[in-house]
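Participant: Sharing a structure below in C-alpha cells format, with a few things to ask.
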Amino acid sequence: MAQRKSRSDRRIDLIEAARRAIIRHGIDGVQLSHVAEEAGLTSGAVLYHYPDLSELLVEAQQAGMERFYEQRLRQLATLTDPVEKLVVTIRSGLPTGPLDPDVRLLNELGGAAGRNRVYGVLLTSLYDRQVSMYQAILDTGAAIGVFRLSADSLTIARNLVALEDAYGYRITARHPLIGPDEAAELILSYARAATGNDLIH
C-alpha cells in the first residue's frame, strides 16, 4: 500500500508543479488549472494547500532562486582558495543550456518584475546577495595578495553578476555562438583583467 504523502511533501510537489506551469504558460498566463494539471491533482486539492495561488507562485520562484545563491554558498564553504572560489562561482552562475528550467524561470520573473512589485523585490534581493557573494571572494583574494583589483570590489562584483545575467539570457535565447562554456570564458576574461590574476584552475 502506497504511503500517503505528508503535507510538507505535497507542498514541495506543488512548488515543483508550479515551476513547470510557469515555464510552460508564462508567469502572467499561468492559472490554477495549469498547476493542478502539472501536479496531477484537482484545483480544489491545490487550493487546500495553497488557498492563494500567488503565494504558491512566489514560493516557486524562490525555490528556483536557491540554486543561484544558497547552493553556491554551500559549494563555496567547501573551498578555501579565492581563485578556485571565483572560477567555480562564475561557472555555477550560468545556465546548463537553452532549456535550463531554473534560468527559464528567472527569465519569466524578470519579464514580470516591472509589473509586479513582489517579483521585482525577489529579483533585486537575489542580485544583491549574489553581489555580496562575489564581493566577499574578491575582498579575501585582495587581502591575501592573490588579487590586484582594478576597481573597488563592489563595482567588480556588480559587473560579474550583470555579465552572468546577460550571458545567461543569450544562452537561453539560443545564441548560436554562445553556450555555457563560451559564456564562462567571456566572464572569466573580464574577471582576469579585474583581478590581475590568470584564474587558472
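Identifiers for the C-alpha cells are assigned positionally: chains receive A, B, ... in sequence, residues are indexed from 1 per chain, and ligands are indexed from 1 in the order shown.
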Just want the 12 Å neighbourhood of segment 65-67 of chain A, counted on only C-alpha atoms, with same-chain residues fewer than 6 positions away dropped. Output as a PyMOL selection string.

Facilitator: chain A and resi 19+58-59+73-75+89+92-95+100-107+109+119+122-127+129-130

Participant: Which of segment 109-161 of chain A counts as helix (DSSP H, G or I) under DSSP, as an NGL selection string please?

Facilitator: :A and (109-112 or 117-143 or 153-161)

Participant: Which residue gives the smallest distance to Ala193 of chain A among A:Leu79, A:Leu32, A:Leu14, A:Ile156, with only C-alpha atoms counted?

Facilitator: A:Ile156

Participant: Pick from A:Val87, A:Ala166, A:Ala157, A:Ala60: nearest to Arg72 of chain A, with only C-alpha atoms counted?

Facilitator: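 Closest to Arg72 of chain A, using only C-alpha atoms: A:Val87.
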
Participant: Pick out the residues sitting within 12 Å of Arg10 of chain A, and hand them over as JSON, numbers by chain; count only C-alpha atoms, and ignore anything fewer than 4 positions along from it in its own chain.

Facilitator: {"A": [4, 5, 6, 14, 15, 16, 17, 39, 40, 41, 45, 46, 47, 48, 49, 50]}

Participant: Just how far from atom CA of Pro176 of chain A is atom CA of Ile200 of chain A, in Å to one decimal?

Facilitator: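 Computing it gives 26.5 Å between the two atoms.
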
Participant: For a test of reading the model, state the distance in Å between atom CA of Gly110 of chain A and atom CA of Arg192 of chain A, rounded to one decimal.

Facilitator: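 Computed distance, atom CA of Gly110 of chain A to atom CA of Arg192 of chain A, equals 28.7 Å.
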
Participant: So how far away is atom CA of Pro98 of chain A from atom CA of Ala173 of chain A, in Å?

Facilitator: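 Separation between atom CA of Ala173 of chain A and atom CA of Pro98 of chain A: 6.6 Å.
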
Participant: Considering only C-alpha atoms, return as an NGL selection string whatever protein or nucleic-acid residues lie within 10 Å of Asp81 of chain A, sequence-local ones (same chain, fewer than 5 positions apart) excluded.

Facilitator: :A and (76 or 86 or 137 or 140-141 or 146)

Participant: I need the residues from that last selection saved to file as a PDB file, in the first residue's frame (with all heavy atoms), if you can.

Facilitator:
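Result went into again.pdb, see below:
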ATOM      1  N   LEU A  76      30.805  27.001  -1.971  1.00  0.00           N
ATOM      2  CA  LEU A  76      31.951  27.841  -1.612  1.00  0.00           C
ATOM      3  C   LEU A  76      32.494  27.499  -0.228  1.00  0.00           C
ATOM      4  O   LEU A  76      33.694  27.626   0.022  1.00  0.00           O
ATOM      5  CB  LEU A  76      31.553  29.318  -1.665  1.00  0.00           C
ATOM      6  CG  LEU A  76      31.324  29.915  -3.062  1.00  0.00           C
ATOM      7  CD1 LEU A  76      30.808  31.336  -2.949  1.00  0.00           C
ATOM      8  CD2 LEU A  76      32.606  29.860  -3.877  1.00  0.00           C
ATOM      9  N   LEU A  86      36.400  31.890  -7.116  1.00  0.00           N
ATOM     10  CA  LEU A  86      35.909  32.800  -8.148  1.00  0.00           C
ATOM     11  C   LEU A  86      35.565  32.040  -9.428  1.00  0.00           C
ATOM     12  O   LEU A  86      34.509  32.274 -10.036  1.00  0.00           O
ATOM     13  CB  LEU A  86      36.946  33.887  -8.429  1.00  0.00           C
ATOM     14  CG  LEU A  86      36.510  35.019  -9.374  1.00  0.00           C
ATOM     15  CD1 LEU A  86      35.220  35.684  -8.881  1.00  0.00           C
ATOM     16  CD2 LEU A  86      37.623  36.058  -9.502  1.00  0.00           C
ATOM     17  N   ILE A 137      34.486  37.136  -1.995  1.00  0.00           N
ATOM     18  CA  ILE A 137      35.596  36.413  -2.629  1.00  0.00           C
ATOM     19  C   ILE A 137      36.681  37.393  -3.064  1.00  0.00           C
ATOM     20  O   ILE A 137      37.880  37.174  -2.834  1.00  0.00           O
ATOM     21  CB  ILE A 137      35.093  35.609  -3.843  1.00  0.00           C
ATOM     22  CG1 ILE A 137      34.083  34.548  -3.415  1.00  0.00           C
ATOM     23  CG2 ILE A 137      36.272  34.960  -4.585  1.00  0.00           C
ATOM     24  CD1 ILE A 137      33.350  33.890  -4.572  1.00  0.00           C
ATOM     25  N   THR A 140      38.597  38.904  -0.026  1.00  0.00           N
ATOM     26  CA  THR A 140      39.513  37.929   0.559  1.00  0.00           C
ATOM     27  C   THR A 140      40.754  37.768  -0.305  1.00  0.00           C
ATOM     28  O   THR A 140      41.889  37.773   0.193  1.00  0.00           O
ATOM     29  CB  THR A 140      38.819  36.563   0.734  1.00  0.00           C
ATOM     30  OG1 THR A 140      37.686  36.714   1.600  1.00  0.00           O
ATOM     31  CG2 THR A 140      39.781  35.539   1.320  1.00  0.00           C
ATOM     32  N   GLY A 141      40.542  37.635  -1.611  1.00  0.00           N
ATOM     33  CA  GLY A 141      41.673  37.494  -2.525  1.00  0.00           C
ATOM     34  C   GLY A 141      42.592  38.698  -2.504  1.00  0.00           C
ATOM     35  O   GLY A 141      43.822  38.558  -2.551  1.00  0.00           O
ATOM     36  N   VAL A 146      46.420  37.711  -3.642  1.00  0.00           N
ATOM     37  CA  VAL A 146      46.317  36.960  -4.899  1.00  0.00           C
ATOM     38  C   VAL A 146      45.546  37.741  -5.966  1.00  0.00           C
ATOM     39  O   VAL A 146      45.655  37.432  -7.154  1.00  0.00           O
ATOM     40  CB  VAL A 146      45.682  35.565  -4.703  1.00  0.00           C
ATOM     41  CG1 VAL A 146      46.536  34.713  -3.791  1.00  0.00           C
ATOM     42  CG2 VAL A 146      44.263  35.672  -4.177  1.00  0.00           C
TER      43      VAL A 146
END

Participant: Between A:Asn116, A:Ser43, A:Ser54, A:Ser132, which residue has the minimum interatomic distance to Tyr69 of chain A, considering only C-alpha atoms?

Facilitator: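 Residue with the minimum atom-to-atom distance to Tyr69 of chain A: A:Ser132.
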
Participant: Using only C-alpha atoms, can you tell me which of A:Val88, A:Ala142, A:Leu99, A:Ala18 comes closest to Arg174 of chain A?

Facilitator: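 Under the stated criterion, the closest residue is A:Leu99.
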
Participant: Skip Gln135 of chain A itself and residues of its chain fewer than 3 positions away, then list as JSON, numbers by chain all residues within 7 Å of it, counting only C-alpha atoms.

Facilitator: {"A": [131, 132, 138, 139, 153, 154, 157]}

Participant: Store the residues picked out above, limited to C-alpha atoms, as a PDB file, in the first residue's frame.

Facilitator:
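As written to disk, selection_11.pdb reads:
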ATOM      1  CA  VAL A 131      26.928  40.711  -5.486  1.00  0.00           C
ATOM      2  CA  SER A 132      27.787  40.237  -1.799  1.00  0.00           C
ATOM      3  CA  LEU A 138      37.235  39.482  -4.171  1.00  0.00           C
ATOM      4  CA  ASP A 139      37.958  41.106  -0.797  1.00  0.00           C
ATOM      5  CA  SER A 153      35.268  45.122  -5.127  1.00  0.00           C
ATOM      6  CA  LEU A 154      31.645  46.259  -5.183  1.00  0.00           C
ATOM      7  CA  ALA A 157      31.094  42.173  -8.153  1.00  0.00           C
TER       8      ALA A 157
END
